[in-house]
$ cat final10.csv   # CSV, C-alpha atoms and all ligand atoms
chain,number,residue,atom,x,y,z
A,1,MET,CA,-104.7,-34.1,97.5
A,2,LEU,CA,-102.9,-30.9,96.4
A,3,THR,CA,-99.3,-31.4,95.4
A,4,LEU,CA,-96.9,-28.6,94.9
A,5,ILE,CA,-94.2,-29.2,92.3
A,6,PRO,CA,-91.4,-26.7,92.7
A,7,ASN,CA,-89.0,-25.5,90.0
A,8,VAL,CA,-90.7,-26.9,86.9
A,9,LEU,CA,-89.1,-23.9,85.1
A,10,ASP,CA,-86.1,-22.0,86.4
A,11,LYS,CA,-86.3,-18.2,86.6
A,12,ASP,CA,-84.3,-17.7,83.4
A,13,THR,CA,-86.7,-19.9,81.5
A,14,VAL,CA,-89.7,-18.0,83.0
A,15,ARG,CA,-88.2,-14.7,81.8
A,16,GLN,CA,-87.9,-16.1,78.3
A,17,PHE,CA,-91.5,-17.5,78.4
A,18,ARG,CA,-92.8,-14.1,79.6
A,19,ALA,CA,-91.1,-12.2,76.8
A,20,ARG,CA,-92.6,-14.5,74.2
A,21,LEU,CA,-96.1,-14.5,75.9
A,22,ASP,CA,-96.0,-10.7,76.1
A,23,ALA,CA,-95.5,-10.5,72.3
A,24,ALA,CA,-98.3,-13.1,71.5
A,25,ASP,CA,-101.9,-12.4,70.5
A,26,TRP,CA,-104.4,-13.2,73.3
A,27,THR,CA,-108.1,-14.0,72.7
A,28,ASP,CA,-111.2,-14.2,74.9
A,29,GLY,CA,-111.0,-17.2,77.3
A,30,ARG,CA,-114.7,-17.9,76.8
A,31,ASP,CA,-113.9,-19.3,73.4
A,32,THR,CA,-112.8,-22.6,75.0
A,33,ALA,CA,-115.2,-22.8,78.0
A,34,GLY,CA,-118.2,-25.1,78.1
A,35,THR,CA,-121.7,-23.6,78.4
A,36,LEU,CA,-121.5,-23.4,82.2
A,37,GLY,CA,-117.9,-22.3,82.3
A,38,ALA,CA,-118.5,-19.4,79.8
A,39,LYS,CA,-120.9,-17.8,82.3
A,40,VAL,CA,-118.3,-17.4,85.0
A,41,LYS,CA,-115.1,-17.2,83.0
A,42,GLN,CA,-113.6,-13.8,82.3
A,43,ASN,CA,-109.9,-13.9,81.1
A,44,ARG,CA,-107.7,-14.2,78.1
A,45,GLN,CA,-106.0,-17.2,76.6
A,46,LEU,CA,-103.6,-18.0,73.8
A,47,PRO,CA,-105.4,-19.8,71.0
A,48,ALA,CA,-104.8,-23.6,71.2
A,49,ARG,CA,-103.0,-23.6,67.9
A,50,SER,CA,-100.8,-20.6,68.6
A,51,GLU,CA,-97.3,-21.2,67.5
A,52,THR,CA,-95.9,-19.6,70.7
A,53,GLY,CA,-98.3,-21.6,72.9
A,54,MET,CA,-97.3,-24.9,71.2
A,55,ALA,CA,-93.6,-24.2,71.5
A,56,LEU,CA,-93.7,-23.2,75.1
A,57,GLY,CA,-96.1,-26.1,75.9
A,58,ASN,CA,-93.7,-28.6,74.4
A,59,HIS,CA,-90.9,-27.1,76.6
A,60,ILE,CA,-93.1,-27.6,79.7
A,61,LEU,CA,-93.9,-31.2,78.7
A,62,GLY,CA,-90.1,-31.9,78.3
A,63,MET,CA,-89.4,-30.5,81.7
A,64,LEU,CA,-92.2,-32.4,83.4
A,65,GLY,CA,-90.9,-35.7,81.9
A,66,ARG,CA,-87.6,-35.1,83.8
A,67,HIS,CA,-89.2,-34.0,87.1
A,68,PRO,CA,-89.2,-37.0,89.5
A,69,LEU,CA,-91.7,-35.4,91.9
A,70,PHE,CA,-94.2,-34.7,89.1
A,71,MET,CA,-93.8,-38.2,87.7
A,72,SER,CA,-94.3,-39.8,91.1
A,73,ALA,CA,-97.4,-37.7,92.0
A,74,ALA,CA,-99.2,-37.8,88.6
A,75,LEU,CA,-98.1,-41.1,87.1
A,76,PRO,CA,-99.1,-39.5,83.8
A,77,HIS,CA,-100.6,-41.6,81.0
A,78,ARG,CA,-101.7,-38.6,78.8
A,79,ILE,CA,-101.1,-34.9,79.2
A,80,TYR,CA,-103.2,-32.3,77.5
A,81,PRO,CA,-101.0,-29.8,75.5
A,82,PRO,CA,-100.4,-26.9,77.9
A,83,LEU,CA,-102.5,-23.8,77.4
A,84,PHE,CA,-101.8,-20.3,78.7
A,85,ASN,CA,-104.1,-17.8,80.3
A,86,ARG,CA,-103.9,-14.2,81.6
A,87,TYR,CA,-105.9,-12.2,84.0
A,88,SER,CA,-105.8,-8.4,84.8
A,89,GLY,CA,-108.2,-5.5,85.5
A,90,GLY,CA,-110.6,-7.5,87.7
A,91,GLU,CA,-110.7,-10.6,85.4
A,92,HIS,CA,-111.5,-13.8,87.2
A,93,TYR,CA,-112.8,-17.4,86.7
A,94,GLY,CA,-115.7,-18.1,89.0
A,95,LEU,CA,-116.4,-21.5,90.8
A,96,HIS,CA,-116.5,-24.3,88.3
A,97,VAL,CA,-115.4,-27.9,87.7
A,98,ASP,CA,-113.2,-28.9,84.7
A,99,GLY,CA,-114.6,-31.0,81.9
A,100,SER,CA,-114.2,-34.7,82.5
A,101,ILE,CA,-113.5,-36.0,79.0
A,102,MET,CA,-111.6,-33.9,76.5
A,103,PRO,CA,-110.6,-34.4,72.9
A,104,ILE,CA,-106.8,-33.9,72.6
A,105,PRO,CA,-106.1,-31.2,69.9
A,106,GLY,CA,-104.3,-32.5,66.9
A,107,SER,CA,-105.2,-36.2,67.6
A,108,HIS,CA,-108.1,-38.5,67.5
A,109,GLU,CA,-107.6,-39.4,71.2
A,110,PHE,CA,-109.5,-38.3,74.3
A,111,LEU,CA,-108.2,-37.6,77.7
A,112,ARG,CA,-110.0,-38.2,81.0
A,113,SER,CA,-109.0,-35.4,83.3
A,114,ASP,CA,-107.8,-36.9,86.6
A,115,LEU,CA,-105.5,-34.1,87.6
A,116,SER,CA,-105.5,-30.4,86.8
A,117,ALA,CA,-102.3,-28.4,86.8
A,118,THR,CA,-101.5,-24.7,87.1
A,119,LEU,CA,-98.0,-23.5,86.4
A,120,PHE,CA,-97.4,-20.0,87.7
A,121,LEU,CA,-95.4,-17.7,85.4
A,122,CYS,CA,-95.6,-14.5,87.6
A,123,GLU,CA,-94.2,-13.8,91.0
A,124,PRO,CA,-96.9,-13.5,93.7
A,125,ASP,CA,-95.9,-9.8,94.4
A,126,GLU,CA,-96.6,-8.8,90.8
A,127,TYR,CA,-100.3,-8.9,91.2
A,128,ASP,CA,-103.1,-8.7,93.8
A,129,GLY,CA,-105.9,-11.3,93.9
A,130,GLY,CA,-105.7,-14.1,91.4
A,131,GLU,CA,-105.6,-16.8,94.0
A,132,LEU,CA,-106.4,-20.3,92.7
A,133,THR,CA,-108.9,-21.4,95.3
A,134,ILE,CA,-109.6,-25.1,95.5
A,135,GLU,CA,-112.4,-26.8,97.5
A,136,THR,CA,-111.0,-29.8,99.4
A,137,PRO,CA,-112.4,-32.1,102.0
A,138,PHE,CA,-110.5,-30.0,104.5
A,139,GLY,CA,-112.0,-26.7,103.3
A,140,ALA,CA,-111.0,-24.2,100.6
A,141,GLN,CA,-107.3,-23.9,99.9
A,142,GLN,CA,-105.8,-20.8,98.3
A,143,VAL,CA,-102.8,-21.3,96.1
A,144,LYS,CA,-100.5,-18.6,94.7
A,145,LEU,CA,-97.0,-19.8,93.9
A,146,PRO,CA,-93.6,-18.4,92.9
A,147,ALA,CA,-93.0,-18.2,89.1
A,148,GLY,CA,-91.9,-21.6,87.8
A,149,ASP,CA,-93.8,-23.6,90.4
A,150,MET,CA,-96.8,-25.7,89.8
A,151,VAL,CA,-99.8,-27.1,91.7
A,152,LEU,CA,-101.5,-30.4,90.9
A,153,TYR,CA,-105.1,-31.0,92.2
A,154,PRO,CA,-107.9,-33.4,91.5
A,155,SER,CA,-109.9,-32.3,88.4
A,156,SER,CA,-113.0,-33.3,90.3
A,157,SER,CA,-112.6,-30.4,92.7
A,158,LEU,CA,-114.6,-27.2,92.5
A,159,HIS,CA,-112.2,-24.3,92.0
A,160,GLU,CA,-112.0,-20.7,91.0
A,161,VAL,CA,-109.5,-17.9,90.2
A,162,THR,CA,-110.3,-14.8,92.3
A,163,PRO,CA,-110.4,-11.4,90.6
A,164,VAL,CA,-106.9,-9.9,89.7
A,165,THR,CA,-107.2,-6.3,91.1
A,166,ARG,CA,-103.6,-5.2,90.4
A,167,GLY,CA,-101.0,-6.2,87.8
A,168,THR,CA,-101.3,-9.3,85.5
A,169,ARG,CA,-101.4,-13.0,86.4
A,170,THR,CA,-100.1,-15.3,83.6
A,171,CYS,CA,-100.2,-19.0,84.0
A,172,SER,CA,-100.0,-22.2,82.0
A,173,PHE,CA,-102.7,-24.8,82.7
A,174,PHE,CA,-103.5,-28.3,81.5
A,175,TRP,CA,-104.9,-31.7,82.5
A,176,ILE,CA,-103.4,-35.1,83.1
A,177,GLN,CA,-104.9,-38.6,82.6
A,178,SER,CA,-103.1,-40.7,85.2
A,179,MET,CA,-102.2,-44.4,84.8
A,180,VAL,CA,-104.0,-44.7,88.2
A,181,GLN,CA,-107.5,-43.3,88.0
A,182,SER,CA,-108.3,-43.6,91.7
A,183,GLU,CA,-107.2,-40.6,93.7
A,184,GLU,CA,-106.9,-42.8,96.8
A,185,GLN,CA,-104.7,-45.4,95.2
A,186,ARG,CA,-102.6,-42.7,93.5
A,187,THR,CA,-102.0,-40.9,96.8
A,188,LEU,CA,-101.0,-44.2,98.5
A,189,LEU,CA,-98.5,-44.9,95.7
A,190,PHE,CA,-97.1,-41.4,95.9
A,191,ASP,CA,-96.6,-41.7,99.7
A,192,LEU,CA,-95.0,-45.1,99.4
A,193,ASP,CA,-92.7,-44.0,96.5
A,194,GLN,CA,-91.6,-40.9,98.5
A,195,SER,CA,-90.8,-43.1,101.6
A,196,VAL,CA,-88.9,-45.7,99.5
A,197,GLN,CA,-86.8,-43.0,97.9
A,198,ALA,CA,-86.0,-41.4,101.3
A,199,LEU,CA,-85.1,-44.8,102.7
A,200,THR,CA,-83.0,-45.7,99.7
A,201,ALA,CA,-80.9,-42.6,100.2
A,202,SER,CA,-80.2,-43.3,103.9
A,203,ALA,CA,-80.3,-47.1,104.2
A,204,SER,CA,-77.3,-49.0,105.7
A,205,ALA,CA,-76.0,-52.1,103.9
A,206,GLU,CA,-78.0,-54.4,106.0
A,207,GLN,CA,-81.2,-52.4,105.5
A,208,LYS,CA,-80.9,-52.4,101.7
A,209,PRO,CA,-82.6,-55.7,101.1
A,210,THR,CA,-85.7,-54.5,103.1
A,211,VAL,CA,-85.8,-51.3,101.2
A,212,LEU,CA,-85.6,-53.3,98.0
A,213,GLN,CA,-88.5,-55.4,99.1
A,214,LEU,CA,-90.5,-52.2,99.8
A,215,ALA,CA,-89.6,-50.9,96.3
A,216,GLY,CA,-91.0,-54.3,95.0
A,217,VAL,CA,-94.3,-53.7,96.9
A,218,TYR,CA,-94.5,-50.3,95.2
A,219,HIS,CA,-94.1,-51.7,91.7
A,220,ASN,CA,-96.4,-54.6,92.3
A,221,LEU,CA,-99.2,-52.3,93.5
A,222,LEU,CA,-98.6,-50.1,90.5
A,223,ARG,CA,-98.8,-53.1,88.2
A,224,GLN,CA,-102.2,-54.0,89.8
A,225,TRP,CA,-103.7,-50.5,89.7
A,226,ALA,CA,-102.3,-48.9,86.6
A,227,SER,CA,-103.9,-49.0,83.1
A,228,VAL,CA,-101.7,-48.1,80.2
B,1,NI,NI,-110.7,-24.9,85.9
$ encode --input "final10.csv" --output "C-alpha cells" --more "lines below"
Ligand code: NI
Amino acid sequence: MLTLIPNVLDKDTVRQFRARLDAADWTDGRDTAGTLGAKVKQNRQLPARSETGMALGNHILGMLGRHPLFMSAALPHRIYPPLFNRYSGGEHYGLHVDGSIMPIPGSHEFLRSDLSATLFLCEPDEYDGGELTIETPFGAQQVKLPAGDMVLYPSSSLHEVTPVTRGTRTCSFFWIQSMVQSEEQRTLLFDLDQSVQALTASASAEQKPTVLQLAGVYHNLLRQWASV
C-alpha cells in the first residue's frame, strides 16, 4: 500500500529547510549505498552526521510524532534519522530494493525497514523527471508530491528515481520499523482506525457505544499483532 501523508511540513518550514540545505555541503550519494545500489545510484546526499541534516531530521521526527495520519499508517516502533538527497543534471537512482536491516547511526540498535518514506522539499513544477516510481501488485506507480508532503511505501518494493532533466529535486528520506511487521495486518489496522475515527466524529448518542466497541476491536487487534 502507498500512503500519502500531506502537510508534514508547512510551506514556511519548507522554505527555511531549503535555505539551510542550499548552504550545506553535499557529498556523493554512492558513499552510503550497498554494493548493488552503488551501481545504479547517481545523486548527492548530506553526510549522515551533518549538523544541518541532524537538526532538520529532528524537526521532521517531531512533526511526524504529532501527525495522526502518519502514526495510524506507520505504527512506528523505530524511525531511522532522516537523510537528505538531491538530484539534478540527469542524476537518478535506478531500480533497487532498500536494505532490510540497518544499523541506526549513533546507537547500537538495528532497524528492520518495513516502510520507506520520501518527503518532498521541492514543488513538482521546479523540476522535470525525478518521479519516484514504485512497483506495486497493481503495476508501477509514479509519485511526485507538493513540497511538504510525504509518501510511505513498503520497503520490500522495487523502486527508482527517474533522471532529473531540469531543475533540482531535493527530498528527505528514511525508513520505519513498524510495531506491526505484516503489511497485510498493518493495512487492516489502518483501514479500521480510519473508519473508527470517521464514525466517532459523526456518531449519534445511541451509536456511540457501538463505535466504542469497534475502537476496542482496533486496540485488541493491535495488542495481538504489535511487538514493542
Ligand atoms: Ni530506495
$ residues_near_ligand --input "final10.csv" --ligand "ligand NI 1 (chain B)" --cutoff "10 Å" --atoms "all atoms listed in the file" --output "PDB file with C-alpha atoms, in the frame of the given file"
ATOM      1  CA  ALA A  33    -115.200 -22.800  78.000  1.00  0.00           C
ATOM      2  CA  GLY A  37    -117.900 -22.300  82.300  1.00  0.00           C
ATOM      3  CA  LYS A  41    -115.100 -17.200  83.000  1.00  0.00           C
ATOM      4  CA  TYR A  93    -112.800 -17.400  86.700  1.00  0.00           C
ATOM      5  CA  GLY A  94    -115.700 -18.100  89.000  1.00  0.00           C
ATOM      6  CA  LEU A  95    -116.400 -21.500  90.800  1.00  0.00           C
ATOM      7  CA  HIS A  96    -116.500 -24.300  88.300  1.00  0.00           C
ATOM      8  CA  VAL A  97    -115.400 -27.900  87.700  1.00  0.00           C
ATOM      9  CA  ASP A  98    -113.200 -28.900  84.700  1.00  0.00           C
ATOM     10  CA  GLY A  99    -114.600 -31.000  81.900  1.00  0.00           C
ATOM     11  CA  SER A 116    -105.500 -30.400  86.800  1.00  0.00           C
ATOM     12  CA  ALA A 117    -102.300 -28.400  86.800  1.00  0.00           C
ATOM     13  CA  THR A 118    -101.500 -24.700  87.100  1.00  0.00           C
ATOM     14  CA  LEU A 132    -106.400 -20.300  92.700  1.00  0.00           C
ATOM     15  CA  ILE A 134    -109.600 -25.100  95.500  1.00  0.00           C
ATOM     16  CA  SER A 155    -109.900 -32.300  88.400  1.00  0.00           C
ATOM     17  CA  SER A 156    -113.000 -33.300  90.300  1.00  0.00           C
ATOM     18  CA  SER A 157    -112.600 -30.400  92.700  1.00  0.00           C
ATOM     19  CA  LEU A 158    -114.600 -27.200  92.500  1.00  0.00           C
ATOM     20  CA  HIS A 159    -112.200 -24.300  92.000  1.00  0.00           C
ATOM     21  CA  GLU A 160    -112.000 -20.700  91.000  1.00  0.00           C
ATOM     22  CA  VAL A 161    -109.500 -17.900  90.200  1.00  0.00           C
ATOM     23  CA  PHE A 173    -102.700 -24.800  82.700  1.00  0.00           C
ATOM     24  CA  PHE A 174    -103.500 -28.300  81.500  1.00  0.00           C
ATOM     25  CA  TRP A 175    -104.900 -31.700  82.500  1.00  0.00           C
TER      26      TRP A 175
END
$ atom_distance --input "final10.csv" --atom1 "CA of Pro47 (chain A)" --atom2 "CA of Glu123 (chain A)"
23.7 Å
$ closest_residue --input "final10.csv" --among "A:Val40, A:Met150, A:Met102, A:Ala74" --to "Gln185 (chain A)" --atoms "only C-alpha atoms"
A:Ala74
$ closest_residue --input "final10.csv" --among "A:Ser100, A:Gln197, A:Thr3, A:Gln181" --to "Ser113 (chain A)" --atoms "all atoms listed in the file"
A:Ser100
$ atom_distance --input "final10.csv" --atom1 "CA of Leu199 (chain A)" --atom2 "CA of Tyr218 (chain A)"
13.2 Å
$ closest_residue --input "final10.csv" --among "A:His92, A:Met63, A:Gly148, A:Ala198" --to "Asp12 (chain A)" --atoms "all atoms listed in the file"
A:Gly148
$ closest_residue --input "final10.csv" --among "A:Leu222, A:Ala147, A:Ala140, A:Leu36" --to "Glu126 (chain A)" --atoms "all atoms listed in the file"
A:Ala147
$ residues_around --input "final10.csv" --residues "region 13-17 of chain A" --least-positions-apart "5" --cutoff "10 Å" --atoms "all atoms listed in the file" --output "PyMOL selection string"
chain A and resi 8+22+52-53+55-56+59+120-122+147-148
$ closest_residue --input "final10.csv" --among "A:Asp114, A:Phe190, A:Ile5, A:Tyr153" --to "His77 (chain A)" --atoms "all atoms listed in the file"
A:Asp114
$ atom_distance --input "final10.csv" --atom1 "CA of Gly130 (chain A)" --atom2 "CA of Gln45 (chain A)"
15.1 Å
$ residues_around --input "final10.csv" --residues "Asp125 (chain A)" --least-positions-apart "6" --cutoff "10 Å" --atoms "all atoms listed in the file" --output "MDAnalysis selection string"
chainID A and resid 144 146 166:167
$ residues_around --input "final10.csv" --residues "Asn7 (chain A)" --least-positions-apart "2" --cutoff "6 Å" --atoms "only C-alpha atoms" --output "list in words"
Leu9, Asp10, Gly148 and Asp149 of chain A
$ closest_residue --input "final10.csv" --among "A:Thr35, A:Thr133, A:Leu192, A:Ile101" --to "Val211 (chain A)" --atoms "all atoms listed in the file"
A:Leu192
$ decode --input "final10.csv" --residues "region 15-43 of chain A" --atoms "N, CA, C and O atoms" --output "PDB file, in the first residue's frame"
ATOM      1  N   ARG A  15      10.486  26.396   3.203  1.00  0.00           N
ATOM      2  CA  ARG A  15      11.388  27.475   2.757  1.00  0.00           C
ATOM      3  C   ARG A  15      12.623  27.559   3.648  1.00  0.00           C
ATOM      4  O   ARG A  15      13.745  27.690   3.166  1.00  0.00           O
ATOM      5  N   GLN A  16      12.402  27.445   4.961  1.00  0.00           N
ATOM      6  CA  GLN A  16      13.544  27.500   5.885  1.00  0.00           C
ATOM      7  C   GLN A  16      14.469  26.296   5.668  1.00  0.00           C
ATOM      8  O   GLN A  16      15.697  26.427   5.696  1.00  0.00           O
ATOM      9  N   PHE A  17      13.875  25.118   5.463  1.00  0.00           N
ATOM     10  CA  PHE A  17      14.671  23.917   5.193  1.00  0.00           C
ATOM     11  C   PHE A  17      15.529  24.133   3.943  1.00  0.00           C
ATOM     12  O   PHE A  17      16.719  23.828   3.924  1.00  0.00           O
ATOM     13  N   ARG A  18      14.889  24.657   2.904  1.00  0.00           N
ATOM     14  CA  ARG A  18      15.582  24.810   1.616  1.00  0.00           C
ATOM     15  C   ARG A  18      16.783  25.750   1.763  1.00  0.00           C
ATOM     16  O   ARG A  18      17.846  25.503   1.194  1.00  0.00           O
ATOM     17  N   ALA A  19      16.599  26.845   2.521  1.00  0.00           N
ATOM     18  CA  ALA A  19      17.698  27.803   2.698  1.00  0.00           C
ATOM     19  C   ALA A  19      18.876  27.121   3.385  1.00  0.00           C
ATOM     20  O   ALA A  19      20.032  27.282   2.988  1.00  0.00           O
ATOM     21  N   ARG A  20      18.571  26.323   4.403  1.00  0.00           N
ATOM     22  CA  ARG A  20      19.661  25.648   5.124  1.00  0.00           C
ATOM     23  C   ARG A  20      20.295  24.561   4.270  1.00  0.00           C
ATOM     24  O   ARG A  20      21.517  24.357   4.308  1.00  0.00           O
ATOM     25  N   LEU A  21      19.486  23.865   3.490  1.00  0.00           N
ATOM     26  CA  LEU A  21      20.029  22.785   2.642  1.00  0.00           C
ATOM     27  C   LEU A  21      20.875  23.355   1.507  1.00  0.00           C
ATOM     28  O   LEU A  21      21.898  22.773   1.124  1.00  0.00           O
ATOM     29  N   ASP A  22      20.470  24.532   0.977  1.00  0.00           N
ATOM     30  CA  ASP A  22      21.251  25.146  -0.104  1.00  0.00           C
ATOM     31  C   ASP A  22      22.649  25.532   0.378  1.00  0.00           C
ATOM     32  O   ASP A  22      23.598  25.556  -0.400  1.00  0.00           O
ATOM     33  N   ALA A  23      22.755  25.860   1.677  1.00  0.00           N
ATOM     34  CA  ALA A  23      24.045  26.306   2.223  1.00  0.00           C
ATOM     35  C   ALA A  23      24.900  25.127   2.703  1.00  0.00           C
ATOM     36  O   ALA A  23      26.048  25.313   3.103  1.00  0.00           O
ATOM     37  N   ALA A  24      24.354  23.914   2.664  1.00  0.00           N
ATOM     38  CA  ALA A  24      25.076  22.759   3.231  1.00  0.00           C
ATOM     39  C   ALA A  24      26.038  22.145   2.214  1.00  0.00           C
ATOM     40  O   ALA A  24      25.954  22.424   1.019  1.00  0.00           O
ATOM     41  N   ASP A  25      26.965  21.314   2.713  1.00  0.00           N
ATOM     42  CA  ASP A  25      27.904  20.602   1.833  1.00  0.00           C
ATOM     43  C   ASP A  25      27.332  19.243   1.476  1.00  0.00           C
ATOM     44  O   ASP A  25      27.029  18.439   2.366  1.00  0.00           O
ATOM     45  N   TRP A  26      27.189  18.973   0.175  1.00  0.00           N
ATOM     46  CA  TRP A  26      26.619  17.704  -0.297  1.00  0.00           C
ATOM     47  C   TRP A  26      27.727  16.789  -0.770  1.00  0.00           C
ATOM     48  O   TRP A  26      28.724  17.243  -1.331  1.00  0.00           O
ATOM     49  N   THR A  27      27.565  15.475  -0.556  1.00  0.00           N
ATOM     50  CA  THR A  27      28.591  14.512  -0.995  1.00  0.00           C
ATOM     51  C   THR A  27      27.951  13.485  -1.932  1.00  0.00           C
ATOM     52  O   THR A  27      26.728  13.423  -2.056  1.00  0.00           O
ATOM     53  N   ASP A  28      28.802  12.671  -2.541  1.00  0.00           N
ATOM     54  CA  ASP A  28      28.335  11.650  -3.486  1.00  0.00           C
ATOM     55  C   ASP A  28      27.441  10.632  -2.769  1.00  0.00           C
ATOM     56  O   ASP A  28      27.835  10.055  -1.752  1.00  0.00           O
ATOM     57  N   GLY A  29      26.233  10.435  -3.305  1.00  0.00           N
ATOM     58  CA  GLY A  29      25.272   9.528  -2.681  1.00  0.00           C
ATOM     59  C   GLY A  29      25.736   8.084  -2.637  1.00  0.00           C
ATOM     60  O   GLY A  29      25.224   7.290  -1.850  1.00  0.00           O
ATOM     61  N   ARG A  30      26.713   7.744  -3.475  1.00  0.00           N
ATOM     62  CA  ARG A  30      27.174   6.349  -3.505  1.00  0.00           C
ATOM     63  C   ARG A  30      27.885   5.955  -2.218  1.00  0.00           C
ATOM     64  O   ARG A  30      28.023   4.778  -1.912  1.00  0.00           O
ATOM     65  N   ASP A  31      28.316   6.984  -1.416  1.00  0.00           N
ATOM     66  CA  ASP A  31      29.019   6.695  -0.161  1.00  0.00           C
ATOM     67  C   ASP A  31      28.183   5.809   0.756  1.00  0.00           C
ATOM     68  O   ASP A  31      28.729   5.047   1.553  1.00  0.00           O
ATOM     69  N   THR A  32      26.851   5.926   0.696  1.00  0.00           N
ATOM     70  CA  THR A  32      26.017   5.175   1.644  1.00  0.00           C
ATOM     71  C   THR A  32      25.244   4.039   0.978  1.00  0.00           C
ATOM     72  O   THR A  32      24.413   3.407   1.618  1.00  0.00           O
ATOM     73  N   ALA A  33      25.502   3.796  -0.320  1.00  0.00           N
ATOM     74  CA  ALA A  33      24.755   2.724  -0.989  1.00  0.00           C
ATOM     75  C   ALA A  33      25.462   1.395  -0.765  1.00  0.00           C
ATOM     76  O   ALA A  33      26.677   1.351  -0.604  1.00  0.00           O
ATOM     77  N   GLY A  34      24.703   0.298  -0.765  1.00  0.00           N
ATOM     78  CA  GLY A  34      25.303  -1.032  -0.738  1.00  0.00           C
ATOM     79  C   GLY A  34      25.973  -1.298  -2.083  1.00  0.00           C
ATOM     80  O   GLY A  34      25.916  -0.459  -2.992  1.00  0.00           O
ATOM     81  N   THR A  35      26.599  -2.471  -2.224  1.00  0.00           N
ATOM     82  CA  THR A  35      27.335  -2.788  -3.458  1.00  0.00           C
ATOM     83  C   THR A  35      26.418  -2.726  -4.673  1.00  0.00           C
ATOM     84  O   THR A  35      26.788  -2.188  -5.706  1.00  0.00           O
ATOM     85  N   LEU A  36      25.217  -3.302  -4.527  1.00  0.00           N
ATOM     86  CA  LEU A  36      24.297  -3.309  -5.668  1.00  0.00           C
ATOM     87  C   LEU A  36      23.776  -1.904  -5.952  1.00  0.00           C
ATOM     88  O   LEU A  36      23.734  -1.463  -7.093  1.00  0.00           O
ATOM     89  N   GLY A  37      23.387  -1.197  -4.874  1.00  0.00           N
ATOM     90  CA  GLY A  37      22.832   0.148  -5.011  1.00  0.00           C
ATOM     91  C   GLY A  37      23.816   1.098  -5.685  1.00  0.00           C
ATOM     92  O   GLY A  37      23.442   1.913  -6.520  1.00  0.00           O
ATOM     93  N   ALA A  38      25.105   0.976  -5.322  1.00  0.00           N
ATOM     94  CA  ALA A  38      26.114   1.909  -5.834  1.00  0.00           C
ATOM     95  C   ALA A  38      26.193   1.873  -7.348  1.00  0.00           C
ATOM     96  O   ALA A  38      26.546   2.862  -7.989  1.00  0.00           O
ATOM     97  N   LYS A  39      25.851   0.724  -7.933  1.00  0.00           N
ATOM     98  CA  LYS A  39      25.933   0.587  -9.390  1.00  0.00           C
ATOM     99  C   LYS A  39      24.860   1.400 -10.105  1.00  0.00           C
ATOM    100  O   LYS A  39      25.015   1.761 -11.258  1.00  0.00           O
ATOM    101  N   VAL A  40      23.743   1.645  -9.436  1.00  0.00           N
ATOM    102  CA  VAL A  40      22.618   2.320 -10.115  1.00  0.00           C
ATOM    103  C   VAL A  40      22.316   3.699  -9.516  1.00  0.00           C
ATOM    104  O   VAL A  40      21.422   4.390  -9.970  1.00  0.00           O
ATOM    105  N   LYS A  41      23.099   4.084  -8.486  1.00  0.00           N
ATOM    106  CA  LYS A  41      22.781   5.317  -7.762  1.00  0.00           C
ATOM    107  C   LYS A  41      23.669   6.464  -8.226  1.00  0.00           C
ATOM    108  O   LYS A  41      24.884   6.324  -8.271  1.00  0.00           O
ATOM    109  N   GLN A  42      23.038   7.555  -8.586  1.00  0.00           N
ATOM    110  CA  GLN A  42      23.788   8.727  -9.007  1.00  0.00           C
ATOM    111  C   GLN A  42      23.058   9.944  -8.476  1.00  0.00           C
ATOM    112  O   GLN A  42      22.086  10.420  -9.068  1.00  0.00           O
ATOM    113  N   ASN A  43      23.480  10.431  -7.315  1.00  0.00           N
ATOM    114  CA  ASN A  43      22.859  11.623  -6.726  1.00  0.00           C
ATOM    115  C   ASN A  43      23.790  12.185  -5.661  1.00  0.00           C
ATOM    116  O   ASN A  43      24.934  11.751  -5.531  1.00  0.00           O
TER     117      ASN A  43
END
